[in-house]
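K.L.:
This is structure.pdb, which holds PDB, C-alpha atoms:
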ATOM      1  CA  MET A   7       0.000   0.000   0.000
ATOM      2  CA  SER A   8       1.322   3.412  -0.843
ATOM      3  CA  VAL A   9       2.084   6.117   1.702
ATOM      4  CA  LEU A  10      -0.788   8.218   0.318
ATOM      5  CA  SER A  11      -3.302   5.374   0.726
ATOM      6  CA  GLU A  12      -2.185   4.813   4.333
ATOM      7  CA  ALA A  13      -2.660   8.520   5.080
ATOM      8  CA  ARG A  14      -6.188   8.417   3.754
ATOM      9  CA  ALA A  15      -7.137   5.257   5.607
ATOM     10  CA  ALA A  16      -5.832   6.412   8.991
ATOM     11  CA  PRO A  17      -8.531   9.048   9.738
ATOM     12  CA  ALA A  18     -11.281   6.624   8.736
ATOM     13  CA  GLU A  19      -9.994   4.009  11.136
ATOM     14  CA  ALA A  20      -9.615   6.524  13.941
ATOM     15  CA  ALA A  21     -13.147   7.983  13.552
ATOM     16  CA  GLU A  22     -15.556   7.064  16.371
ATOM     17  CA  PRO A  23     -19.278   6.349  15.813
ATOM     18  CA  LEU A  24     -21.560   9.345  16.396
ATOM     19  CA  THR A  25     -24.002   9.162  19.290
ATOM     20  CA  VAL A  26     -27.415  10.563  18.364
ATOM     21  CA  VAL A  27     -29.104  12.177  21.346
ATOM     22  CA  PRO A  28     -32.827  12.876  20.869
ATOM     23  CA  ALA A  29     -34.007  16.409  21.550
ATOM     24  CA  ARG A  30     -35.508  16.803  24.967
ATOM     25  CA  HIS A  31     -38.895  18.455  25.444
ATOM     26  CA  PRO A  32     -39.389  18.995  29.173
ATOM     27  CA  TRP A  33     -42.280  21.441  28.747
ATOM     28  CA  ARG A  34     -44.142  18.881  26.647
ATOM     29  CA  TRP A  35     -44.103  16.491  29.604
ATOM     30  CA  VAL A  36     -45.115  19.290  31.971
ATOM     31  CA  GLY A  37     -48.102  20.042  29.751
ATOM     32  CA  ALA A  38     -49.040  16.355  29.568
ATOM     33  CA  ALA A  39     -48.849  16.068  33.363
ATOM     34  CA  ALA A  40     -51.068  19.126  33.800
ATOM     35  CA  VAL A  41     -53.652  17.676  31.409
ATOM     36  CA  LEU A  42     -53.639  14.356  33.272
ATOM     37  CA  VAL A  43     -54.178  16.164  36.583
ATOM     38  CA  LEU A  44     -57.150  18.065  35.147
ATOM     39  CA  VAL A  45     -58.648  14.863  33.710
ATOM     40  CA  ALA A  46     -58.185  13.090  37.039
ATOM     41  CA  GLN A  47     -59.896  15.940  38.881
ATOM     42  CA  PHE A  48     -62.811  15.869  36.440
ATOM     43  CA  LEU A  49     -63.264  12.101  36.807
ATOM     44  CA  HIS A  50     -62.996  12.392  40.599
ATOM     45  CA  GLY A  51     -65.756  15.019  40.540
ATOM     46  CA  LEU A  52     -67.953  12.778  38.391
ATOM     47  CA  ILE A  53     -67.608   9.935  40.875
ATOM     48  CA  THR A  54     -67.753  11.759  44.187
ATOM     49  CA  ASN A  55     -70.093  14.711  43.531
ATOM     50  CA  PRO A  56     -73.585  13.653  44.711
ATOM     51  CA  GLY A  57     -75.190  16.216  42.402
ATOM     52  CA  TRP A  58     -74.679  13.915  39.417
ATOM     53  CA  ASP A  59     -77.015  11.385  41.083
ATOM     54  CA  TRP A  60     -75.798   8.324  39.153
ATOM     55  CA  GLU A  61     -78.405   6.139  40.800
ATOM     56  CA  THR A  62     -81.222   8.120  39.157
ATOM     57  CA  PHE A  63     -79.264   8.134  35.911
ATOM     58  CA  ALA A  64     -79.001   4.325  35.921
ATOM     59  CA  GLY A  65     -82.669   3.964  36.813
ATOM     60  CA  TYR A  66     -83.885   6.011  33.830
ATOM     61  CA  PHE A  67     -81.252   5.100  31.223
ATOM     62  CA  PHE A  68     -83.239   2.112  29.914
ATOM     63  CA  GLU A  69     -86.647   3.317  31.118
ATOM     64  CA  LYS A  70     -89.461   2.461  28.699
ATOM     65  CA  SER A  71     -90.515   6.031  27.867
ATOM     66  CA  VAL A  72     -86.888   7.012  27.242
ATOM     67  CA  MET A  73     -86.373   4.080  24.871
ATOM     68  CA  GLU A  74     -89.565   4.946  22.975
ATOM     69  CA  ALA A  75     -88.367   8.551  22.680
ATOM     70  CA  LEU A  76     -84.987   7.301  21.471
ATOM     71  CA  LEU A  77     -86.741   5.363  18.720
ATOM     72  CA  ILE A  78     -88.589   8.517  17.615
ATOM     73  CA  THR A  79     -85.257  10.371  17.517
ATOM     74  CA  LEU A  80     -83.773   7.683  15.273
ATOM     75  CA  GLU A  81     -86.812   7.730  12.993
ATOM     76  CA  LEU A  82     -86.645  11.510  12.620
ATOM     77  CA  THR A  83     -82.908  11.341  11.928
ATOM     78  CA  PHE A  84     -83.234   8.589   9.325
ATOM     79  CA  ALA A  85     -86.229  10.146   7.544
ATOM     80  CA  GLY A  86     -84.719  13.639   7.612
ATOM     81  CA  ALA A  87     -81.402  12.370   6.247
ATOM     82  CA  VAL A  88     -82.972  10.339   3.417
ATOM     83  CA  LEU A  89     -85.375  13.077   2.329
ATOM     84  CA  GLY A  90     -82.757  15.789   2.788
ATOM     85  CA  PHE A  91     -80.085  14.090   0.700
ATOM     86  CA  LEU A  92     -82.609  13.186  -1.983
ATOM     87  CA  GLY A  93     -83.412  16.875  -2.179
ATOM     88  CA  GLY A  94     -79.717  17.726  -2.164
ATOM     89  CA  ILE A  95     -79.061  15.336  -5.063
ATOM     90  CA  VAL A  96     -81.662  17.275  -7.078
ATOM     91  CA  LEU A  97     -80.507  20.741  -6.002
ATOM     92  CA  ALA A  98     -76.774  20.160  -6.619
ATOM     93  CA  PRO A  99     -77.066  19.511 -10.401
ATOM     94  CA  MET A 100     -79.476  22.454 -10.613
ATOM     95  CA  ARG A 101     -76.821  24.652  -8.997
ATOM     96  CA  LEU A 102     -74.257  23.423 -11.542
ATOM     97  CA  SER A 103     -76.640  23.738 -14.486
ATOM     98  CA  ARG A 104     -75.977  26.182 -17.290
ATOM     99  CA  ASN A 105     -79.667  27.080 -17.253
ATOM    100  CA  PRO A 106     -79.890  30.423 -15.386
ATOM    101  CA  VAL A 107     -83.419  29.697 -14.101
ATOM    102  CA  LEU A 108     -82.486  26.351 -12.524
ATOM    103  CA  ARG A 109     -79.232  27.759 -11.159
ATOM    104  CA  SER A 110     -80.953  30.801  -9.637
ATOM    105  CA  VAL A 111     -83.763  28.777  -8.043
ATOM    106  CA  SER A 112     -81.294  26.327  -6.498
ATOM    107  CA  TRP A 113     -79.008  29.109  -5.226
ATOM    108  CA  THR A 114     -81.956  30.998  -3.704
ATOM    109  CA  TYR A 115     -83.311  27.884  -1.985
ATOM    110  CA  ILE A 116     -79.927  27.045  -0.478
ATOM    111  CA  TRP A 117     -79.361  30.628   0.628
ATOM    112  CA  VAL A 118     -82.774  30.971   2.302
ATOM    113  CA  PHE A 119     -82.838  27.627   4.113
ATOM    114  CA  ARG A 120     -79.267  27.986   5.352
ATOM    115  CA  SER A 121     -80.063  31.481   6.633
ATOM    116  CA  VAL A 122     -83.244  30.743   8.612
ATOM    117  CA  PRO A 123     -82.725  28.923  11.946
ATOM    118  CA  LEU A 124     -84.185  25.427  12.108
ATOM    119  CA  ILE A 125     -86.442  26.229  15.055
ATOM    120  CA  VAL A 126     -88.039  29.084  13.062
ATOM    121  CA  GLN A 127     -88.651  26.755  10.122
ATOM    122  CA  LEU A 128     -90.295  24.170  12.368
ATOM    123  CA  LEU A 129     -92.629  26.727  13.904
ATOM    124  CA  PHE A 130     -93.453  28.100  10.459
ATOM    125  CA  TRP A 131     -94.474  24.692   9.064
ATOM    126  CA  ALA A 132     -96.418  23.880  12.225
ATOM    127  CA  ASN A 133     -98.451  27.073  11.748
ATOM    128  CA  LEU A 134     -98.969  26.734   8.005
ATOM    129  CA  GLY A 135    -102.726  26.742   8.570
ATOM    130  CA  TYR A 136    -102.594  30.430   9.535
ATOM    131  CA  LEU A 137    -101.481  31.276   5.992
ATOM    132  CA  TYR A 138    -103.463  28.756   3.963
ATOM    133  CA  ASP A 139    -106.712  27.136   5.009
ATOM    134  CA  SER A 140    -106.341  24.520   2.274
ATOM    135  CA  LEU A 141    -104.001  23.460  -0.516
ATOM    136  CA  HIS A 142    -105.304  22.884  -4.047
ATOM    137  CA  ILE A 143    -103.924  20.687  -6.820
ATOM    138  CA  GLY A 144    -105.219  21.559 -10.276
ATOM    139  CA  VAL A 145    -104.735  23.984 -13.128
ATOM    140  CA  PRO A 146    -102.123  26.689 -12.353
ATOM    141  CA  PHE A 147    -103.911  29.985 -11.575
ATOM    142  CA  GLY A 148    -107.165  28.131 -12.336
ATOM    143  CA  PRO A 149    -109.637  25.856 -10.578
ATOM    144  CA  GLY A 150    -108.370  23.290  -8.098
ATOM    145  CA  LEU A 151    -109.193  19.639  -8.616
ATOM    146  CA  VAL A 152    -108.045  18.207  -5.286
ATOM    147  CA  HIS A 153    -108.273  20.034  -1.958
ATOM    148  CA  PHE A 154    -106.361  19.377   1.288
ATOM    149  CA  GLY A 155    -106.998  21.021   4.615
ATOM    150  CA  THR A 156    -103.690  22.198   6.069
ATOM    151  CA  SER A 157    -104.851  21.619   9.640
ATOM    152  CA  ASN A 158    -105.223  17.918   8.880
ATOM    153  CA  LEU A 159    -102.404  17.621   6.346
ATOM    154  CA  VAL A 160     -99.509  19.018   8.409
ATOM    155  CA  SER A 161     -99.409  17.360  11.820
ATOM    156  CA  SER A 162     -96.659  17.908  14.392
ATOM    157  CA  ILE A 163     -94.676  14.961  13.041
ATOM    158  CA  GLY A 164     -95.303  16.151   9.480
ATOM    159  CA  ALA A 165     -94.079  19.640  10.309
ATOM    160  CA  ALA A 166     -90.977  18.194  11.983
ATOM    161  CA  LEU A 167     -90.145  15.971   8.996
ATOM    162  CA  LEU A 168     -90.827  18.795   6.560
ATOM    163  CA  GLY A 169     -88.650  21.231   8.462
ATOM    164  CA  LEU A 170     -85.783  18.780   8.998
ATOM    165  CA  ALA A 171     -85.827  17.530   5.390
ATOM    166  CA  LEU A 172     -85.967  20.975   3.768
ATOM    167  CA  HIS A 173     -83.296  22.315   6.112
ATOM    168  CA  GLU A 174     -81.069  19.296   5.478
ATOM    169  CA  ALA A 175     -81.526  19.503   1.699
ATOM    170  CA  ALA A 176     -79.866  22.929   1.593
ATOM    171  CA  TYR A 177     -76.724  21.639   3.300
ATOM    172  CA  ALA A 178     -76.748  18.313   1.446
ATOM    173  CA  ALA A 179     -76.871  20.159  -1.882
ATOM    174  CA  GLU A 180     -73.605  21.943  -1.097
ATOM    175  CA  ILE A 181     -71.991  18.699   0.070
ATOM    176  CA  VAL A 182     -72.996  16.873  -3.115
ATOM    177  CA  ARG A 183     -71.941  19.826  -5.283
ATOM    178  CA  ALA A 184     -68.503  19.870  -3.631
ATOM    179  CA  GLY A 185     -68.127  16.157  -4.341
ATOM    180  CA  ILE A 186     -69.095  16.562  -7.992
ATOM    181  CA  ILE A 187     -66.708  19.433  -8.720
ATOM    182  CA  SER A 188     -63.865  17.590  -6.942
ATOM    183  CA  VAL A 189     -63.772  15.054  -9.813
ATOM    184  CA  ASP A 190     -61.647  15.965 -12.813
ATOM    185  CA  GLN A 191     -64.181  16.819 -15.517
ATOM    186  CA  ARG A 192     -61.753  15.725 -18.215
ATOM    187  CA  GLN A 193     -62.543  12.145 -17.251
ATOM    188  CA  LEU A 194     -66.179  12.696 -18.207
ATOM    189  CA  GLU A 195     -65.124  14.330 -21.448
ATOM    190  CA  ALA A 196     -62.961  11.298 -22.248
ATOM    191  CA  ALA A 197     -65.830   8.942 -21.354
ATOM    192  CA  ALA A 198     -68.195  10.897 -23.592
ATOM    193  CA  ALA A 199     -65.653  10.712 -26.442
ATOM    194  CA  LEU A 200     -65.620   6.927 -26.019
ATOM    195  CA  GLY A 201     -69.395   6.855 -26.331
ATOM    196  CA  ILE A 202     -70.135   5.860 -22.712
ATOM    197  CA  PRO A 203     -73.760   6.780 -21.815
ATOM    198  CA  ARG A 204     -74.202   9.654 -19.346
ATOM    199  CA  LEU A 205     -75.922   7.463 -16.757
ATOM    200  CA  ARG A 206     -73.000   5.044 -16.774
ATOM    201  CA  GLN A 207     -70.570   7.961 -16.598
ATOM    202  CA  PHE A 208     -72.315   9.125 -13.436
ATOM    203  CA  ARG A 209     -72.606   5.656 -11.891
ATOM    204  CA  ARG A 210     -69.178   4.218 -12.726
ATOM    205  CA  ILE A 211     -66.879   7.251 -13.035
ATOM    206  CA  LEU A 212     -68.264  10.306 -11.257
ATOM    207  CA  LEU A 213     -70.050   8.847  -8.232
ATOM    208  CA  PRO A 214     -67.289   6.513  -6.884
ATOM    209  CA  GLN A 215     -64.765   9.361  -6.942
ATOM    210  CA  ALA A 216     -67.166  11.986  -5.643
ATOM    211  CA  MET A 217     -68.143   9.778  -2.697
ATOM    212  CA  ARG A 218     -64.656  10.122  -1.240
ATOM    213  CA  ALA A 219     -65.232  13.868  -0.946
ATOM    214  CA  ILE A 220     -68.917  13.605  -0.020
ATOM    215  CA  LEU A 221     -68.773  11.030   2.775
ATOM    216  CA  PRO A 222     -66.807  12.910   5.479
ATOM    217  CA  SER A 223     -68.998  16.002   5.190
ATOM    218  CA  ALA A 224     -72.173  13.922   4.827
ATOM    219  CA  ALA A 225     -71.372  11.931   7.966
ATOM    220  CA  ASN A 226     -70.686  15.144   9.866
ATOM    221  CA  GLU A 227     -74.005  16.548   8.661
ATOM    222  CA  LEU A 228     -75.786  13.345   9.732
ATOM    223  CA  VAL A 229     -74.387  13.705  13.247
ATOM    224  CA  ASN A 230     -75.508  17.326  13.268
ATOM    225  CA  LEU A 231     -78.987  16.240  12.137
ATOM    226  CA  LEU A 232     -79.137  13.698  14.967
ATOM    227  CA  LYS A 233     -78.522  16.470  17.478
ATOM    228  CA  SER A 234     -80.843  18.866  15.646
ATOM    229  CA  THR A 235     -83.794  16.537  16.271
ATOM    230  CA  SER A 236     -83.756  17.852  19.842
ATOM    231  CA  VAL A 237     -85.123  21.143  18.476
ATOM    232  CA  VAL A 238     -88.457  19.526  17.586
ATOM    233  CA  TYR A 239     -89.347  19.599  21.281
ATOM    234  CA  VAL A 240     -90.998  22.963  20.470
ATOM    235  CA  LEU A 241     -93.672  20.962  18.598
ATOM    236  CA  ALA A 242     -94.333  18.747  21.660
ATOM    237  CA  ILE A 243     -93.027  15.626  19.874
ATOM    238  CA  GLY A 244     -91.886  12.950  22.290
ATOM    239  CA  GLU A 245     -88.293  12.590  21.091
ATOM    240  CA  LEU A 246     -85.382  12.019  23.487
ATOM    241  CA  PHE A 247     -84.785  15.561  24.719
ATOM    242  CA  TYR A 248     -88.495  16.309  25.109
ATOM    243  CA  GLN A 249     -89.038  13.101  27.085
ATOM    244  CA  VAL A 250     -86.250  13.756  29.581
ATOM    245  CA  GLN A 251     -87.716  17.244  30.058
ATOM    246  CA  VAL A 252     -91.073  15.676  30.885
ATOM    247  CA  VAL A 253     -89.463  13.293  33.385
ATOM    248  CA  TYR A 254     -87.360  15.862  35.226
ATOM    249  CA  GLY A 255     -90.362  18.180  35.215
ATOM    250  CA  ARG A 256     -92.102  15.569  37.380
ATOM    251  CA  ASN A 257     -89.283  14.495  39.707
ATOM    252  CA  GLY A 258     -86.990  17.560  39.658
ATOM    253  CA  ARG A 259     -83.870  15.478  38.848
ATOM    254  CA  VAL A 260     -82.612  17.784  36.118
ATOM    255  CA  VAL A 261     -78.912  16.866  35.924
ATOM    256  CA  PRO A 262     -79.166  13.045  35.872
ATOM    257  CA  LEU A 263     -81.967  13.173  33.273
ATOM    258  CA  LEU A 264     -79.949  15.523  31.083
ATOM    259  CA  MET A 265     -77.042  13.081  31.407
ATOM    260  CA  VAL A 266     -79.332  10.298  30.183
ATOM    261  CA  ALA A 267     -79.966  12.245  26.974
ATOM    262  CA  THR A 268     -76.303  13.265  26.716
ATOM    263  CA  VAL A 269     -74.962   9.713  26.973
ATOM    264  CA  TRP A 270     -77.477   8.405  24.443
ATOM    265  CA  TYR A 271     -76.471  11.140  21.980
ATOM    266  CA  VAL A 272     -72.805  10.247  22.533
ATOM    267  CA  ILE A 273     -73.495   6.537  21.940
ATOM    268  CA  LEU A 274     -75.449   7.198  18.743
ATOM    269  CA  THR A 275     -72.730   9.533  17.478
ATOM    270  CA  ALA A 276     -70.101   6.864  18.163
ATOM    271  CA  VAL A 277     -72.123   4.282  16.208
ATOM    272  CA  LEU A 278     -72.438   6.687  13.280
ATOM    273  CA  SER A 279     -68.697   7.362  13.405
ATOM    274  CA  VAL A 280     -67.907   3.628  13.214
ATOM    275  CA  PHE A 281     -70.317   3.251  10.291
ATOM    276  CA  GLN A 282     -68.676   6.236   8.596
ATOM    277  CA  HIS A 283     -65.229   4.618   8.973
ATOM    278  CA  TYR A 284     -66.228   1.430   7.187
ATOM    279  CA  VAL A 285     -68.140   3.202   4.423
ATOM    280  CA  GLU A 286     -65.197   5.528   3.775
ATOM    281  CA  ARG A 287     -62.830   2.554   3.688
ATOM    282  CA  HIS A 288     -65.079   0.866   1.134
ATOM    283  CA  PHE A 289     -65.044   3.833  -1.226
ATOM    284  CA  SER A 290     -61.296   4.421  -0.715
ATOM    285  CA  ARG A 291     -60.327   1.061  -2.199
ATOM    286  CA  GLY A 292     -57.654   1.478  -4.839
ATOM    287  CA  TRP A 293     -57.057   5.099  -3.858
ATOM    288  CA  ARG A 294     -54.191   4.563  -1.418
TER     289      ARG A 294
END
Could you write out this structure as C-alpha cells?
P.N.:
Amino acid sequence: MSVLSEARAAPAEAAEPLTVVPARHPWRWVGAAAVLVLVAQFLHGLITNPGWDWETFAGYFFEKSVMEALLITLELTFAGAVLGFLGGIVLAPMRLSRNPVLRSVSWTYIWVFRSVPLIVQLLFWANLGYLYDSLHIGVPFGPGLVHFGTSNLVSSIGAALLGLALHEAAYAAEIVRAGIISVDQRQLEAAAALGIPRLRQFRRILLPQAMRAILPSAANELVNLLKSTSVVYVLAIGELFYQVQVVYGRNGRVVPLLMVATVWYVILTAVLSVFQHYVERHFSRGWR
C-alpha cells in the first residue's frame, strides 16, 4: 500500500461512531402532566359529587318512555337524512346547471334555508294553517281539482319531517356539489368521447370518486342532524330531549336526566362514526 493510501485510511480508522441524542422536550411532559391532573380531577368530581345522582341516571337510562323517545329520535334522523339528501341530489345539479333559471332557483333555496334557523322553520311549518286554510292541486292559476286542509295535512310529526328535510336539503346540496366538482371533468369528457352513456358515466366514473369527498362532510351533517332533532321539542313531539324534560319536570332530577340524553347522543354519534369509517374505507379502495 502506498504512503498516500495509508494517510487516507488512517482518519477513517480513527473515527468514532456518532451518538445521536434525541431532543428533549421537558415542557411537553409538563403540559401532559397538567392535562392528566385536570382529567383526574374531572373524573374524581364525576364519581364523588352527589349532584350527578348516578343512581337516578341508571334507573332512567333504559326506562321504557326514554327508549320509545330514542326510537322517535332515530326515525326523525333517518327520515330527515334520506329526504334531505334526496333533495340535495336534485338541487346540486341544478346549482351546476348552465340554465340560469335552474341555477338561480337552487341558489336561492340554499341561501334561504341555510339562513333561517331550524327552530323558526319548524314553527313556520307547524303554523302553516294560519297562511293557507287549504291546498289545491289543479290547473295553475285556475280551478283546483283536489283540496287538502292544512290543519289535517300538516301534523306535528309532518311539520318536523318537513322542516328537517328541507333544512337538510340545503346543506346536502352543497356537500354533493362539492363532491361533484372535486372530480376531474376531463374524465367525463374522455368517457363521452368513447361513447359511454351519461348514466353510466355518473354511476361508474363520477359517483365513486365523488363519494370520497362527499362522505366525510355527509357523515358530519348526519351527526348534526341527529342532534338537531332535539329542536323539535318545540312541537311537543316525544323525542329524546323532550321526554327527559317531561321526566325531570315531574321528579326535579334535572342533571341526571340531562345526562341520560347526553350519553345516548354520545353513543349514537359513536355508532355513526364507526359506520362512517367502514363506508369511507369501502369507497377508498384502490385510492391509497
K.L.:
Any chance you could work out the residue set of the PyMOL selection byres ((chain A and resi 264) around 9) here, as a ChimeraX atom specification?
P.N.:
/A:63,247,250-251,254,259-263,265-269
K.L.:
Kindly resolve the PyMOL selection byres ((chain A and resi 188) around 10) on the present coordinates and return the residues as an NGL selection string.
P.N.:
:A and (182-187 or 189-191 or 212 or 215-220)
K.L.:
Tell me, as a list in words, which residues lie within 12 Å of Gly164 in chain A, counting all atoms listed in the file; anything in the same chain fewer than 6 positions away does not count.
P.N.:
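Close residues of Gly164 in chain A: Leu82, Ala85, Gly86, Leu128, Leu129, Trp131, Ala132, Asn133, Leu134, Thr156, Ser157, Asn158, Leu170, Ala171, Leu172, Val238, Leu241 and Ile243 of chain A.
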K.L.:
Please write the residues from the selection above to a file, keeping C-alpha atoms, as a short mmCIF file (atom, residue, chain, number, x, y, z; two decimals), in the coordinates of the input.
P.N.:
data_model
loop_
_atom_site.label_atom_id
_atom_site.label_comp_id
_atom_site.auth_asym_id
_atom_site.auth_seq_id
_atom_site.Cartn_x
_atom_site.Cartn_y
_atom_site.Cartn_z
CA LEU A 82 -86.64 11.51 12.62
CA ALA A 85 -86.23 10.15 7.54
CA GLY A 86 -84.72 13.64 7.61
CA LEU A 128 -90.30 24.17 12.37
CA LEU A 129 -92.63 26.73 13.90
CA TRP A 131 -94.47 24.69 9.06
CA ALA A 132 -96.42 23.88 12.22
CA ASN A 133 -98.45 27.07 11.75
CA LEU A 134 -98.97 26.73 8.01
CA THR A 156 -103.69 22.20 6.07
CA SER A 157 -104.85 21.62 9.64
CA ASN A 158 -105.22 17.92 8.88
CA LEU A 170 -85.78 18.78 9.00
CA ALA A 171 -85.83 17.53 5.39
CA LEU A 172 -85.97 20.98 3.77
CA VAL A 238 -88.46 19.53 17.59
CA LEU A 241 -93.67 20.96 18.60
CA ILE A 243 -93.03 15.63 19.87
#
K.L.:
Residue by residue, what does the PyMOL selection byres ((chain A and resi 75) around 12) grab here? Present the result as a CSV table (one decimal) with C-alpha atoms, keeping the file's coordinate frame.
P.N.:
chain,number,residue,atom,x,y,z
A,67,PHE,CA,-81.3,5.1,31.2
A,68,PHE,CA,-83.2,2.1,29.9
A,69,GLU,CA,-86.6,3.3,31.1
A,70,LYS,CA,-89.5,2.5,28.7
A,71,SER,CA,-90.5,6.0,27.9
A,72,VAL,CA,-86.9,7.0,27.2
A,73,MET,CA,-86.4,4.1,24.9
A,74,GLU,CA,-89.6,4.9,23.0
A,76,LEU,CA,-85.0,7.3,21.5
A,77,LEU,CA,-86.7,5.4,18.7
A,78,ILE,CA,-88.6,8.5,17.6
A,79,THR,CA,-85.3,10.4,17.5
A,80,LEU,CA,-83.8,7.7,15.3
A,81,GLU,CA,-86.8,7.7,13.0
A,82,LEU,CA,-86.6,11.5,12.6
A,235,THR,CA,-83.8,16.5,16.3
A,236,SER,CA,-83.8,17.9,19.8
A,239,TYR,CA,-89.3,19.6,21.3
A,242,ALA,CA,-94.3,18.7,21.7
A,243,ILE,CA,-93.0,15.6,19.9
A,244,GLY,CA,-91.9,13.0,22.3
A,245,GLU,CA,-88.3,12.6,21.1
A,246,LEU,CA,-85.4,12.0,23.5
A,247,PHE,CA,-84.8,15.6,24.7
A,248,TYR,CA,-88.5,16.3,25.1
A,249,GLN,CA,-89.0,13.1,27.1
A,250,VAL,CA,-86.2,13.8,29.6
A,251,GLN,CA,-87.7,17.2,30.1
A,252,VAL,CA,-91.1,15.7,30.9
A,253,VAL,CA,-89.5,13.3,33.4
A,266,VAL,CA,-79.3,10.3,30.2
A,267,ALA,CA,-80.0,12.2,27.0
A,270,TRP,CA,-77.5,8.4,24.4
K.L.:
Rank nothing, just name the residue among A:Ala166, A:Ala87, A:Leu141, A:Ala29 nearest to Leu228 in chain A, using only C-alpha atoms.
P.N.:
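Answer, going by the shortest atom-to-atom distance: A:Ala87.
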K.L.:
Just to confirm, what's the straight-line distance from CA of Ile211 in chain A to CA of His288 in chain A in Å (one decimal)?
P.N.:
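If I compute the distance from CA of Ile211 in chain A to CA of His288 in chain A, I get 15.6 Å.
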K.L.:
Padding 4 Å on each side, edges along x, y and z: where is the centre of the box around the listed atoms of range 195-210 of chain A, and how long are its edges in Å to one decimal? Output it as AutoDock Vina command-line options.
P.N.:
--center_x -69.4 --center_y 9.3 --center_z -19.2 --size_x 21.0 --size_y 18.1 --size_z 22.6
K.L.:
Taking only C-alpha atoms into account, which of A:Val27, A:Ile163, A:Val240, A:Ala38 comes nearest Val126 in chain A?
P.N.:
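Under the stated criterion, the closest residue is A:Val240.
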K.L.:
One decimal, Å: what's the distance from CA of Ala196 in chain A over to CA of Gly93 in chain A, could you say?
P.N.:
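That distance, rounded to one decimal, is 29.2 Å.
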K.L.:
Could you jot down the CA of Leu49 in chain A to CA of His283 in chain A separation for me, Å, one decimal place?
P.N.:
28.9 Å
K.L.:
So, with all atoms listed in the file as the atoms that count, which of A:Pro56, A:Val229, A:Ala179, A:Val88 lies closest to Trp113 in chain A?
P.N.:
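Closest to Trp113 in chain A, using all atoms listed in the file: A:Ala179.
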